[in-house]
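Please read the structure below before turning to the comments.
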Amino acid sequence: MTSAEGAIFLEEISRISVVWVDSGKGLHLLKKAIAQARQAHPEVASFWQTRSLSRPVPPYALFQLLKQAPAPFFLDSGNGYSERGRYSFLSAFPFLQATAYADRVELFLPDNAQTEVHRTAGGGSMAVLDGLQAKYRVASQAPFPFAGGAVGFFSYDLKNEFERLPQIAIDDLGLPLWRLAWYDGIVVYDHREQKYWLTACGMQDDGQCSSSLAKERLDRLEDLCRGCPVPEGSLPVAADGLFSPAPSRKTLSPALARDRYLSDLKKVMEYIFAGDIYQANLTQRFTAPWDGDSWTLYQRLREGNPAPFAAFLPYPDFQILCSSPERFIRLGVDGRIETCPIKGTRPRGATPAADLALAEELLASAKDRAELTMIIDLERNDLGRICEVGTVAVPDRIRLEKYPTVWHLVSTVTGQVRAGLSPGELLRAVFPGGSITGAPKIRAMEIIEELEPHRRGHYTGSIGYLGFDGAWDLNIVIRTILLKEGRAYVHAGGGIVADSMPDQEYEETLHKARAMFDALEGEMA
């Protein structure tokens, strides 16, 4: 079967499957077979063009060739994370960039260097996003989980567009509510097969796909990836543990003194005992001067703390270096949605025996299990606002997961999204993630705003992609360094419940920040 014949066959089978919408299990099996066929033979997926790329280097090394191109990105799945981190994605040369603020959305068109400003008085940035996502849409499923579309981040402070909340915290960083760039021409790395693919659909400004434009973009990407050897020194030695600290250490200054953080933590517990909330996520921020190279720092971070939902977003005005272990939302083209909240943390042990003891302690902890159960209920409620009745489920209630510096308890909540909802409607229902706010969510966010002195900005927002085919994958922005105007910013926090021990909760924030501190070669003031 030729590629053209394969494309026609798959499109016809897809069309027929729609007719069988009421045939239950048979339809599910047919859709699964179609998806497997597209994955096994990505070259026959309609609209999409793919090429294999042979490079004997890992994705973080190949990114060396892309990072000087316009607006590069790297969605980095590390290594050894199975299905959650099977693919990494990287590219550059977006055809559209959008940055949203409280009163406007700025659209930049790189091809003609034009900027359009859409005023959104009263908070209407989601209407702009909805229009862009509706315009840049491909009718057929992509050959990979992501093969083109929007990549970027949503700030935690986007909550203020969704809910009527107090705005007390100081906005000293001035970050946008969200920033996305639309890419056609993606480098896909399959960690399981250890193989690269290049893919594009030829998305044009008018929302139509052009095969000649797809070829042109693939040619450019292939030339860049093949054009010169990966520079020497771009392959840092992988390490199971943290790298050794440098002789000269930077001083990381907390935004709040330890006594103030403990006092705020006790206030959260008072709200819990008063019946306002069941749980709140209280965080603290650390800062240090930084004048080094952001990419070198990211390599140090990923060496010490590789993660399945890591990302490097080197914007001109600030840079986000993320090593997050937590998935916020994955949405499939079939409408299946999944969220994987994390609650409960222990540090890794210095010996195998100590490590195992800490893991067993966490798994048996009634307090940590209760903390995660509260967030499971919150996420079930959030998904229930957008899912078909009776489809929200918890297939994996509590599991233990291992990371280089910590152990975590994790859950999975799933559902079937109702047809016809826009991206803005989906985000409004579930954003920000319950694991980093608390329960009930709105009251917890009010208390966070009262106690945390600075706006969180990027922290506890989301990074990821919104694909041309409607597939999403977004993380929770934790374990992250922000670089802006000569300073580095690190946040860490934890869920506070009725039986929290203030000193232990404070120490837990430091365990979570450990990988970022070491990447920065820093220590507490």
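As shown in the structure tokens, the chain order sets the letters A, B, ...; within each chain, residues go from 1, and ligands are also counted from 1 in the order they appear.
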Spatial neighbours of Leu400 of chain A, max dist 7 Å, only C-alpha atoms, sep filter under 4 positions, as a ChimeraX atom specification: /A:363,408-410
Do you know which residues are at most 10 Å from segment 286-299 of chain A counting only C-alpha atoms, after dropping those on the same chain fewer than 2 positions away, and could you put them as a short mmCIF file (atom, residue, chain, number, x, y, z; two decimals) with N, CA, C and O atoms, in the first residue's frame?
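The new file part-v6.cif reads:
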```cif
data_model
loop_
_atom_site.label_atom_id
_atom_site.label_comp_id
_atom_site.auth_asym_id
_atom_site.auth_seq_id
_atom_site.Cartn_x
_atom_site.Cartn_y
_atom_site.Cartn_z
N TYR A 60 18.42 16.20 24.44
CA TYR A 60 18.99 17.41 25.03
C TYR A 60 20.27 17.84 24.31
O TYR A 60 20.63 19.02 24.32
N ALA A 61 20.96 16.87 23.66
CA ALA A 61 22.13 17.23 22.87
C ALA A 61 21.72 17.80 21.51
O ALA A 61 22.30 18.78 21.03
N PHE A 63 19.13 19.46 20.92
CA PHE A 63 18.59 20.81 21.12
C PHE A 63 19.67 21.87 20.98
O PHE A 63 19.36 23.03 20.68
N GLN A 64 20.93 21.49 21.17
CA GLN A 64 22.02 22.44 20.96
C GLN A 64 21.96 23.07 19.57
O GLN A 64 22.37 24.22 19.39
N LYS A 67 18.73 25.73 19.64
CA LYS A 67 18.51 26.77 20.64
C LYS A 67 18.86 28.17 20.17
O LYS A 67 18.44 29.15 20.80
N SER A 234 28.45 19.11 24.75
CA SER A 234 27.00 19.22 24.89
C SER A 234 26.37 17.97 25.46
O SER A 234 25.17 17.87 25.55
N LEU A 235 27.20 16.99 25.81
CA LEU A 235 26.70 15.73 26.32
C LEU A 235 27.11 15.55 27.78
O LEU A 235 28.08 14.86 28.08
N PRO A 236 26.42 16.17 28.72
CA PRO A 236 26.77 15.99 30.12
C PRO A 236 26.60 14.54 30.53
O PRO A 236 25.71 13.85 30.05
N LYS A 250 26.26 29.99 45.84
CA LYS A 250 25.43 31.19 45.87
C LYS A 250 24.51 31.16 47.09
O LYS A 250 24.17 30.10 47.60
N THR A 251 24.09 32.32 47.50
CA THR A 251 23.17 32.43 48.63
C THR A 251 21.76 32.64 48.11
O THR A 251 21.49 33.58 47.36
N LEU A 252 20.86 31.74 48.51
CA LEU A 252 19.44 31.84 48.14
C LEU A 252 18.68 32.47 49.30
O LEU A 252 18.67 31.93 50.41
N SER A 253 18.06 33.60 49.03
CA SER A 253 17.35 34.33 50.08
C SER A 253 15.87 34.01 50.02
O SER A 253 15.23 34.17 48.97
N PRO A 254 15.27 33.57 51.14
CA PRO A 254 13.82 33.32 51.14
C PRO A 254 13.04 34.62 51.19
O PRO A 254 13.48 35.61 51.79
N ALA A 255 11.89 34.62 50.54
CA ALA A 255 11.02 35.81 50.60
C ALA A 255 10.46 36.01 52.00
O ALA A 255 10.15 37.14 52.39
N LEU A 256 10.34 34.91 52.75
CA LEU A 256 9.84 34.97 54.12
C LEU A 256 10.83 34.29 55.05
O LEU A 256 11.40 33.24 54.71
N GLN A 284 6.65 28.91 49.39
CA GLN A 284 7.57 29.99 49.65
C GLN A 284 8.51 30.14 48.46
O GLN A 284 8.70 29.21 47.68
N LEU A 301 20.16 21.09 35.94
CA LEU A 301 18.91 20.74 36.60
C LEU A 301 18.41 19.37 36.15
O LEU A 301 18.02 18.54 36.98
N ARG A 302 18.43 19.11 34.87
CA ARG A 302 17.93 17.83 34.37
C ARG A 302 18.87 16.68 34.72
O ARG A 302 18.45 15.54 34.85
N GLU A 303 20.16 16.98 34.88
CA GLU A 303 21.09 15.94 35.32
C GLU A 303 20.79 15.50 36.74
O GLU A 303 20.79 14.31 37.06
N GLY A 304 20.49 16.47 37.60
CA GLY A 304 20.20 16.14 38.99
C GLY A 304 18.78 15.71 39.24
O GLY A 304 18.51 15.00 40.21
N ASN A 305 17.83 16.14 38.37
CA ASN A 305 16.42 15.84 38.62
C ASN A 305 15.67 15.63 37.31
O ASN A 305 14.77 16.41 36.98
N PRO A 306 16.02 14.61 36.52
CA PRO A 306 15.26 14.34 35.30
C PRO A 306 13.81 14.03 35.65
O PRO A 306 13.53 13.46 36.70
N ALA A 310 9.34 17.66 32.13
CA ALA A 310 10.30 18.76 32.17
C ALA A 310 10.16 19.62 30.92
O ALA A 310 9.59 19.21 29.91
N ALA A 311 10.71 20.84 30.99
CA ALA A 311 10.62 21.75 29.85
C ALA A 311 11.67 22.85 29.97
O ALA A 311 12.03 23.27 31.08
N PHE A 312 12.12 23.33 28.81
CA PHE A 312 13.01 24.48 28.73
C PHE A 312 12.39 25.46 27.75
O PHE A 312 12.24 25.16 26.57
N LEU A 313 12.00 26.63 28.27
CA LEU A 313 11.38 27.67 27.46
C LEU A 313 12.24 28.93 27.56
O LEU A 313 12.07 29.74 28.49
N PRO A 314 13.18 29.14 26.64
CA PRO A 314 14.10 30.27 26.73
C PRO A 314 13.58 31.53 26.03
O PRO A 314 14.04 31.91 24.95
N PHE A 318 12.51 36.35 29.71
CA PHE A 318 12.71 35.49 30.87
C PHE A 318 12.83 34.06 30.37
O PHE A 318 12.47 33.75 29.22
N GLN A 319 13.33 33.18 31.23
CA GLN A 319 13.53 31.78 30.85
C GLN A 319 12.94 30.89 31.94
O GLN A 319 13.12 31.15 33.13
N ILE A 320 12.23 29.83 31.50
CA ILE A 320 11.62 28.88 32.43
C ILE A 320 12.34 27.54 32.28
O ILE A 320 12.40 26.97 31.18
N LEU A 321 12.89 27.04 33.39
CA LEU A 321 13.63 25.79 33.42
C LEU A 321 12.89 24.86 34.38
O LEU A 321 12.92 25.04 35.59
N CYS A 322 12.19 23.89 33.84
CA CYS A 322 11.23 23.10 34.61
C CYS A 322 11.62 21.63 34.65
O CYS A 322 11.98 21.05 33.62
N SER A 323 11.55 21.02 35.84
CA SER A 323 11.78 19.57 35.96
C SER A 323 10.61 18.95 36.72
O SER A 323 10.80 18.26 37.73
N THR A 480 10.92 24.08 39.53
CA THR A 480 11.20 24.96 38.39
C THR A 480 12.03 26.16 38.82
O THR A 480 11.85 26.70 39.91
N ILE A 481 12.92 26.58 37.92
CA ILE A 481 13.71 27.81 38.11
C ILE A 481 13.26 28.82 37.06
O ILE A 481 13.16 28.49 35.88
N LEU A 482 13.00 30.04 37.50
CA LEU A 482 12.73 31.15 36.59
C LEU A 482 13.92 32.09 36.62
O LEU A 482 14.41 32.46 37.69
N LEU A 483 14.41 32.47 35.43
CA LEU A 483 15.48 33.45 35.30
C LEU A 483 14.92 34.72 34.70
O LEU A 483 14.30 34.68 33.63
N LYS A 484 15.11 35.83 35.38
CA LYS A 484 14.59 37.11 34.87
C LYS A 484 15.43 38.26 35.42
O LYS A 484 15.61 38.36 36.64
N GLU A 485 15.95 39.06 34.50
CA GLU A 485 16.64 40.30 34.84
C GLU A 485 17.72 40.08 35.89
O GLU A 485 17.81 40.80 36.90
N GLY A 486 18.56 39.07 35.66
CA GLY A 486 19.72 38.85 36.51
C GLY A 486 19.47 38.15 37.82
O GLY A 486 20.35 38.12 38.70
N ARG A 487 18.28 37.55 37.97
CA ARG A 487 17.98 36.83 39.20
C ARG A 487 17.32 35.49 38.88
O ARG A 487 16.66 35.34 37.84
N ALA A 488 17.53 34.55 39.77
CA ALA A 488 16.90 33.24 39.70
C ALA A 488 15.85 33.14 40.80
O ALA A 488 16.08 33.58 41.93
N TYR A 489 14.70 32.54 40.46
CA TYR A 489 13.59 32.39 41.41
C TYR A 489 13.22 30.92 41.50
O TYR A 489 13.02 30.25 40.48
N VAL A 490 13.10 30.43 42.74
CA VAL A 490 12.74 29.05 43.01
C VAL A 490 11.59 29.05 44.02
O VAL A 490 11.65 29.79 45.02
N HIS A 491 10.56 28.26 43.76
CA HIS A 491 9.45 28.11 44.69
C HIS A 491 9.38 26.66 45.18
O HIS A 491 9.76 25.73 44.47
N ALA A 492 8.84 26.49 46.37
CA ALA A 492 8.53 25.15 46.88
C ALA A 492 7.41 25.28 47.90
O ALA A 492 7.29 26.31 48.57
N ALA A 513 12.88 21.58 47.07
CA ALA A 513 13.71 22.58 46.40
C ALA A 513 15.16 22.13 46.22
O ALA A 513 15.94 22.81 45.56
N MET A 516 16.81 22.12 42.69
CA MET A 516 17.01 23.46 42.13
C MET A 516 18.15 24.19 42.83
O MET A 516 18.97 24.86 42.20
N PHE A 517 18.22 24.04 44.16
CA PHE A 517 19.32 24.66 44.91
C PHE A 517 20.67 24.15 44.40
O PHE A 517 21.61 24.93 44.19
N ALA A 519 21.37 22.74 41.46
CA ALA A 519 21.63 23.19 40.09
C ALA A 519 22.17 24.61 40.08
O ALA A 519 23.05 24.96 39.29
N LEU A 520 21.66 25.44 40.98
CA LEU A 520 22.11 26.84 41.09
C LEU A 520 23.39 26.97 41.89
O LEU A 520 23.91 28.08 42.04
N GLU A 521 23.89 25.84 42.43
CA GLU A 521 25.06 25.87 43.31
C GLU A 521 24.80 26.81 44.48
O GLU A 521 25.61 27.66 44.82
N GLY A 522 23.61 26.65 45.08
CA GLY A 522 23.18 27.59 46.10
C GLY A 522 22.87 26.93 47.42
O GLY A 522 22.66 25.73 47.51
N GLU A 523 22.84 27.74 48.46
CA GLU A 523 22.45 27.29 49.79
C GLU A 523 21.64 28.40 50.45
O GLU A 523 21.72 29.58 50.06
N MET A 524 20.87 28.02 51.45
CA MET A 524 20.00 28.97 52.14
C MET A 524 20.81 30.07 52.83
O MET A 524 21.90 29.82 53.36
N ALA A 525 20.24 31.26 52.84
CA ALA A 525 20.87 32.38 53.55
C ALA A 525 20.88 32.10 55.05
O ALA A 525 19.97 31.46 55.57
#
```
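Nearest-residue note for Pro341 of chain A: choosing from A:Ile386, A:Leu282, A:Val413, A:Met501, the minimum distance belongs to A:Val413, counting only C-alpha atoms.
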Who sits within 8 Å of His458 of chain A, only C-alpha atoms, same chain under 3 positions skipped, as number ranges by chain: A: 153-157, 175, 461-462, 477
Who sits within 12 Å of Asp184 of chain A, only C-alpha atoms, same chain under 5 positions skipped, as an NGL selection string: :A and (47-50 or 90-96 or 136-138 or 142 or 146-151 or 198-205 or 207 or 209-211 or 213-218 or 220-221 or 467-468)
How would the residues just chosen look if you wrote them out with N, CA and C atoms as a short mmCIF file (atom, residue, chain, number, x, y, z; two decimals), in the first residue's frame?
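Output file result23.cif follows:
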```
data_model
loop_
_atom_site.label_atom_id
_atom_site.label_comp_id
_atom_site.auth_asym_id
_atom_site.auth_seq_id
_atom_site.Cartn_x
_atom_site.Cartn_y
_atom_site.Cartn_z
N PHE A 47 -2.91 14.66 5.88
CA PHE A 47 -2.43 16.00 6.20
C PHE A 47 -0.98 16.00 6.70
N TRP A 48 -0.60 14.97 7.42
CA TRP A 48 0.70 14.98 8.09
C TRP A 48 1.78 14.37 7.22
N GLN A 49 2.92 15.01 7.20
CA GLN A 49 4.11 14.45 6.56
C GLN A 49 5.13 14.13 7.66
N THR A 50 5.78 13.00 7.56
CA THR A 50 6.78 12.61 8.55
C THR A 50 8.03 12.10 7.85
N LEU A 90 10.79 18.89 20.45
CA LEU A 90 11.58 20.10 20.37
C LEU A 90 11.44 20.72 18.99
N SER A 91 11.56 22.04 18.94
CA SER A 91 11.49 22.72 17.65
C SER A 91 11.79 24.20 17.84
N ALA A 92 11.59 24.96 16.75
CA ALA A 92 11.77 26.41 16.72
C ALA A 92 10.93 26.92 15.53
N PHE A 93 11.11 28.18 15.16
CA PHE A 93 10.45 28.79 13.99
C PHE A 93 8.91 28.77 14.07
N PRO A 94 8.30 29.27 15.15
CA PRO A 94 6.83 29.33 15.16
C PRO A 94 6.32 30.31 14.11
N PHE A 95 5.10 30.05 13.61
CA PHE A 95 4.50 30.98 12.65
C PHE A 95 3.61 32.01 13.35
N LEU A 96 3.37 31.83 14.66
CA LEU A 96 2.56 32.77 15.43
C LEU A 96 2.97 32.67 16.89
N TYR A 136 -6.66 27.11 13.82
CA TYR A 136 -5.54 26.23 13.51
C TYR A 136 -5.85 24.82 14.00
N ARG A 137 -6.68 24.16 13.22
CA ARG A 137 -7.15 22.82 13.59
C ARG A 137 -7.02 21.88 12.41
N VAL A 138 -6.51 20.68 12.65
CA VAL A 138 -6.36 19.65 11.62
C VAL A 138 -7.38 18.56 11.88
N ALA A 142 -3.00 13.33 14.69
CA ALA A 142 -1.57 13.42 14.42
C ALA A 142 -0.92 12.04 14.54
N PHE A 146 2.01 14.50 19.92
CA PHE A 146 2.09 15.90 19.50
C PHE A 146 2.92 15.97 18.23
N ALA A 147 2.37 16.61 17.20
CA ALA A 147 3.08 16.75 15.93
C ALA A 147 3.02 18.17 15.40
N GLY A 148 2.45 19.07 16.16
CA GLY A 148 2.34 20.46 15.76
C GLY A 148 1.20 21.13 16.48
N GLY A 149 1.35 22.43 16.76
CA GLY A 149 0.33 23.17 17.47
C GLY A 149 0.98 24.17 18.41
N ALA A 150 0.27 24.51 19.48
CA ALA A 150 0.72 25.54 20.41
C ALA A 150 1.53 24.94 21.55
N VAL A 151 2.64 25.60 21.89
CA VAL A 151 3.49 25.20 23.00
C VAL A 151 3.76 26.44 23.86
N LEU A 198 10.66 13.61 12.22
CA LEU A 198 10.29 14.99 11.92
C LEU A 198 8.88 14.96 11.36
N THR A 199 8.03 15.91 11.77
CA THR A 199 6.66 15.89 11.28
C THR A 199 6.12 17.31 11.12
N ALA A 200 5.26 17.49 10.13
CA ALA A 200 4.63 18.79 9.85
C ALA A 200 3.35 18.55 9.06
N CYS A 201 2.45 19.52 9.08
CA CYS A 201 1.23 19.42 8.29
C CYS A 201 1.07 20.57 7.31
N GLY A 202 1.98 21.55 7.35
CA GLY A 202 1.89 22.67 6.42
C GLY A 202 0.83 23.69 6.80
N MET A 203 0.63 23.92 8.11
CA MET A 203 -0.39 24.86 8.56
C MET A 203 -0.09 26.27 8.05
N GLN A 204 -1.08 26.90 7.40
CA GLN A 204 -0.93 28.25 6.87
C GLN A 204 -1.63 29.27 7.76
N ASP A 205 -1.42 30.55 7.46
CA ASP A 205 -2.04 31.61 8.25
C ASP A 205 -3.56 31.54 8.23
N GLY A 207 -5.31 28.85 8.27
CA GLY A 207 -5.80 27.64 8.93
C GLY A 207 -5.89 26.43 8.02
N CYS A 209 -4.03 23.53 5.43
CA CYS A 209 -2.76 22.82 5.35
C CYS A 209 -2.26 22.77 3.91
N SER A 210 -0.98 22.97 3.74
CA SER A 210 -0.34 22.95 2.42
C SER A 210 0.77 21.91 2.43
N SER A 211 0.69 20.93 1.52
CA SER A 211 1.71 19.89 1.48
C SER A 211 3.07 20.46 1.10
N LEU A 213 4.17 23.48 1.80
CA LEU A 213 4.69 24.20 2.95
C LEU A 213 5.19 23.22 4.01
N ALA A 214 4.49 22.11 4.18
CA ALA A 214 4.95 21.08 5.12
C ALA A 214 6.33 20.57 4.70
N LYS A 215 6.50 20.29 3.41
CA LYS A 215 7.80 19.82 2.92
C LYS A 215 8.88 20.87 3.16
N GLU A 216 8.55 22.12 2.89
CA GLU A 216 9.52 23.20 3.09
C GLU A 216 9.96 23.28 4.56
N ARG A 217 9.01 23.16 5.47
CA ARG A 217 9.34 23.24 6.89
C ARG A 217 10.13 22.02 7.35
N LEU A 218 9.81 20.87 6.82
CA LEU A 218 10.58 19.67 7.16
C LEU A 218 12.00 19.78 6.61
N ARG A 220 13.74 22.51 6.16
CA ARG A 220 14.47 23.45 7.01
C ARG A 220 14.89 22.79 8.33
N LEU A 221 13.96 22.05 8.92
CA LEU A 221 14.26 21.41 10.19
C LEU A 221 15.32 20.32 10.03
N GLY A 467 -2.36 20.51 20.72
CA GLY A 467 -2.07 20.08 19.36
C GLY A 467 -3.09 20.55 18.35
N PHE A 468 -2.66 20.62 17.08
CA PHE A 468 -3.57 20.94 15.98
C PHE A 468 -4.75 19.98 15.92
#
```
Backbone DSSP call of strand (DSSP E) for segment 322-426 of chain A, listed as JSON, numbers by chain: {"A": [322, 323, 324, 327, 328, 329, 330, 331, 336, 337, 338, 339, 342, 343, 344, 345, 346, 347, 393, 394, 395, 396, 397, 398, 399, 400, 401, 402, 406, 407, 408, 409, 410, 411, 412, 413, 414, 415, 416]}
Residues as selected, N, CA, C and O atoms, written as a compact mmCIF listing (two decimals), in the first residue's frame, can you do that?
```txt
# COMPACT_ATOMS: atom_id res chain seq x y z
N CYS A 322 12.19 23.89 33.84
CA CYS A 322 11.23 23.10 34.61
C CYS A 322 11.62 21.63 34.65
O CYS A 322 11.98 21.05 33.62
N SER A 323 11.55 21.02 35.84
CA SER A 323 11.78 19.57 35.96
C SER A 323 10.61 18.95 36.72
O SER A 323 10.80 18.26 37.73
N SER A 324 9.42 19.18 36.23
CA SER A 324 8.21 18.76 36.94
C SER A 324 7.94 17.26 36.80
O SER A 324 8.02 16.71 35.70
N ARG A 327 1.84 15.51 35.98
CA ARG A 327 0.93 15.81 34.87
C ARG A 327 -0.32 16.49 35.42
O ARG A 327 -0.93 16.02 36.38
N PHE A 328 -0.69 17.59 34.76
CA PHE A 328 -1.95 18.26 35.11
C PHE A 328 -3.09 17.67 34.30
O PHE A 328 -4.02 17.07 34.85
N ILE A 329 -3.04 17.86 32.98
CA ILE A 329 -4.12 17.39 32.11
C ILE A 329 -3.54 16.76 30.85
O ILE A 329 -2.68 17.35 30.19
N ARG A 330 -4.00 15.56 30.54
CA ARG A 330 -3.79 15.00 29.21
C ARG A 330 -5.16 14.78 28.59
O ARG A 330 -6.04 14.16 29.20
N LEU A 331 -5.35 15.33 27.39
CA LEU A 331 -6.62 15.21 26.67
C LEU A 331 -6.35 14.56 25.34
O LEU A 331 -5.50 15.02 24.56
N ARG A 336 -10.92 11.63 25.80
CA ARG A 336 -10.54 11.06 27.09
C ARG A 336 -9.59 12.01 27.81
O ARG A 336 -8.62 12.49 27.23
N ILE A 337 -9.89 12.31 29.06
CA ILE A 337 -9.09 13.26 29.83
C ILE A 337 -8.54 12.56 31.07
O ILE A 337 -9.17 11.66 31.63
N GLU A 338 -7.34 12.98 31.47
CA GLU A 338 -6.66 12.36 32.60
C GLU A 338 -5.91 13.43 33.38
O GLU A 338 -5.29 14.32 32.80
N THR A 339 -5.99 13.36 34.71
CA THR A 339 -5.17 14.20 35.57
C THR A 339 -4.51 13.32 36.61
O THR A 339 -5.08 12.31 37.04
N ILE A 342 -0.32 14.85 42.57
CA ILE A 342 0.71 14.37 43.50
C ILE A 342 0.46 14.99 44.86
O ILE A 342 0.26 16.19 44.98
N LYS A 343 0.49 14.17 45.89
CA LYS A 343 0.45 14.64 47.27
C LYS A 343 1.20 13.64 48.13
O LYS A 343 1.03 12.42 47.98
N GLY A 344 1.97 14.14 49.05
CA GLY A 344 2.77 13.27 49.91
C GLY A 344 4.19 13.16 49.40
O GLY A 344 4.41 12.80 48.24
N THR A 345 5.16 13.50 50.25
CA THR A 345 6.57 13.56 49.84
C THR A 345 7.46 13.06 50.96
O THR A 345 7.20 13.34 52.14
N ARG A 346 8.49 12.31 50.60
CA ARG A 346 9.59 11.99 51.50
C ARG A 346 10.89 12.15 50.72
O ARG A 346 10.94 11.88 49.52
N PRO A 347 11.98 12.56 51.40
CA PRO A 347 13.27 12.62 50.71
C PRO A 347 13.78 11.21 50.40
O PRO A 347 13.36 10.24 51.04
N ALA A 393 -13.76 8.60 36.72
CA ALA A 393 -13.35 7.41 37.47
C ALA A 393 -11.95 7.63 38.04
O ALA A 393 -11.22 8.52 37.61
N VAL A 394 -11.60 6.79 39.02
CA VAL A 394 -10.27 6.82 39.63
C VAL A 394 -9.64 5.44 39.44
O VAL A 394 -9.71 4.59 40.34
N PRO A 395 -9.06 5.18 38.28
CA PRO A 395 -8.53 3.84 38.02
C PRO A 395 -7.29 3.49 38.85
O PRO A 395 -6.96 2.32 39.01
N ASP A 396 -6.61 4.49 39.36
CA ASP A 396 -5.40 4.25 40.14
C ASP A 396 -5.41 5.23 41.31
O ASP A 396 -5.00 6.38 41.17
N ARG A 397 -5.90 4.77 42.47
CA ARG A 397 -6.16 5.71 43.56
C ARG A 397 -4.89 6.24 44.19
O ARG A 397 -4.70 7.45 44.32
N ILE A 398 -4.02 5.37 44.66
CA ILE A 398 -2.79 5.81 45.32
C ILE A 398 -1.66 4.87 44.93
O ILE A 398 -1.75 3.66 45.14
N ARG A 399 -0.60 5.45 44.37
CA ARG A 399 0.59 4.67 44.04
C ARG A 399 1.83 5.43 44.48
O ARG A 399 1.82 6.65 44.60
N LEU A 400 2.90 4.70 44.69
CA LEU A 400 4.17 5.28 45.10
C LEU A 400 5.04 5.47 43.88
O LEU A 400 5.19 4.55 43.06
N GLU A 401 5.65 6.66 43.72
CA GLU A 401 6.54 6.92 42.60
C GLU A 401 7.88 7.45 43.11
O GLU A 401 7.94 8.25 44.05
N LYS A 402 8.95 7.01 42.43
CA LYS A 402 10.32 7.33 42.82
C LYS A 402 10.92 8.36 41.88
O LYS A 402 10.83 8.23 40.65
N VAL A 406 13.20 12.68 45.68
CA VAL A 406 12.05 12.48 46.58
C VAL A 406 11.23 11.26 46.16
O VAL A 406 11.32 10.77 45.02
N TRP A 407 10.41 10.77 47.12
CA TRP A 407 9.32 9.85 46.86
C TRP A 407 8.01 10.63 46.86
O TRP A 407 7.87 11.61 47.60
N HIS A 408 7.05 10.20 46.03
CA HIS A 408 5.74 10.87 45.99
C HIS A 408 4.62 9.83 46.00
O HIS A 408 4.79 8.70 45.52
N LEU A 409 3.45 10.25 46.51
CA LEU A 409 2.20 9.52 46.30
C LEU A 409 1.45 10.19 45.16
O LEU A 409 1.33 11.42 45.12
N VAL A 410 0.93 9.38 44.24
CA VAL A 410 0.30 9.88 43.02
C VAL A 410 -1.00 9.13 42.77
O VAL A 410 -1.13 7.96 43.13
N SER A 411 -1.96 9.81 42.15
CA SER A 411 -3.22 9.19 41.76
C SER A 411 -3.52 9.51 40.30
O SER A 411 -2.84 10.34 39.68
N THR A 412 -4.53 8.85 39.74
CA THR A 412 -4.99 9.12 38.38
C THR A 412 -6.51 9.22 38.38
O THR A 412 -7.19 8.34 38.93
N VAL A 413 -7.02 10.31 37.80
CA VAL A 413 -8.46 10.52 37.67
C VAL A 413 -8.75 10.73 36.19
O VAL A 413 -8.04 11.49 35.52
N THR A 414 -9.77 10.06 35.65
CA THR A 414 -10.06 10.11 34.23
C THR A 414 -11.52 10.43 33.97
O THR A 414 -12.37 10.36 34.88
N GLY A 415 -11.85 10.76 32.72
CA GLY A 415 -13.23 11.00 32.32
C GLY A 415 -13.33 11.15 30.81
O GLY A 415 -12.32 11.13 30.10
N GLN A 416 -14.56 11.29 30.33
CA GLN A 416 -14.85 11.49 28.91
C GLN A 416 -15.46 12.88 28.75
O GLN A 416 -16.57 13.14 29.20
```
Those in segment 165-375 of chain A with helix (DSSP H, G or I) from DSSP, as a VMD selection string: chain A and resid 211 to 226 258 to 273 294 to 304 352 to 364 366 to 375
Segment 265-268 of chain A environment, 10 Å, only C-alpha atoms, sequence neighbours closer than 2 positions dropped, as a PyMOL selection string: chain A and resi 259-263+270-274+276-283+444+447-448+451+495-498+500-503+505-506
May I have the residues from that selection written out with C-alpha atoms, as a short mmCIF file (atom, residue, chain, number, x, y, z; two decimals), in the first residue's frame?
```cif
data_model
loop_
_atom_site.label_atom_id
_atom_site.label_comp_id
_atom_site.auth_asym_id
_atom_site.auth_seq_id
_atom_site.Cartn_x
_atom_site.Cartn_y
_atom_site.Cartn_z
CA ASP A 259 9.36 32.02 61.61
CA ARG A 260 7.01 33.94 59.30
CA TYR A 261 6.44 30.86 57.12
CA LEU A 262 5.65 28.76 60.19
CA SER A 263 3.29 31.47 61.44
CA GLU A 270 -6.62 27.72 61.99
CA TYR A 271 -8.72 28.12 58.84
CA ILE A 272 -8.93 24.33 58.63
CA PHE A 273 -10.09 23.98 62.25
CA ALA A 274 -12.62 26.79 61.66
CA ASP A 276 -13.13 27.15 55.95
CA ILE A 277 -11.05 24.56 54.10
CA TYR A 278 -9.79 20.99 54.33
CA GLN A 279 -6.38 21.68 52.85
CA ALA A 280 -4.29 24.48 51.33
CA ASN A 281 -0.99 24.45 49.48
CA LEU A 282 1.29 27.03 51.08
CA THR A 283 4.47 27.90 49.18
CA ALA A 444 -8.01 27.85 49.38
CA ILE A 447 -6.23 32.12 51.69
CA ILE A 448 -3.13 31.64 49.54
CA LEU A 451 -0.72 34.80 53.05
CA GLY A 495 -0.27 20.70 51.25
CA ILE A 496 -1.31 21.69 54.77
CA VAL A 497 -4.00 19.64 56.54
CA ALA A 498 -5.39 19.43 60.08
CA SER A 500 0.28 18.81 59.69
CA MET A 501 3.40 19.34 61.80
CA PRO A 502 4.70 22.85 61.00
CA ASP A 503 8.42 22.07 61.33
CA GLU A 505 6.09 20.85 56.51
CA TYR A 506 8.81 23.50 56.36
#
```
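Using only C-alpha atoms, the shortest contact distance between Gly131 of chain A and any of A:Thr115, A:Ser422, A:Asn160, A:Asn475 is found at A:Ser422.
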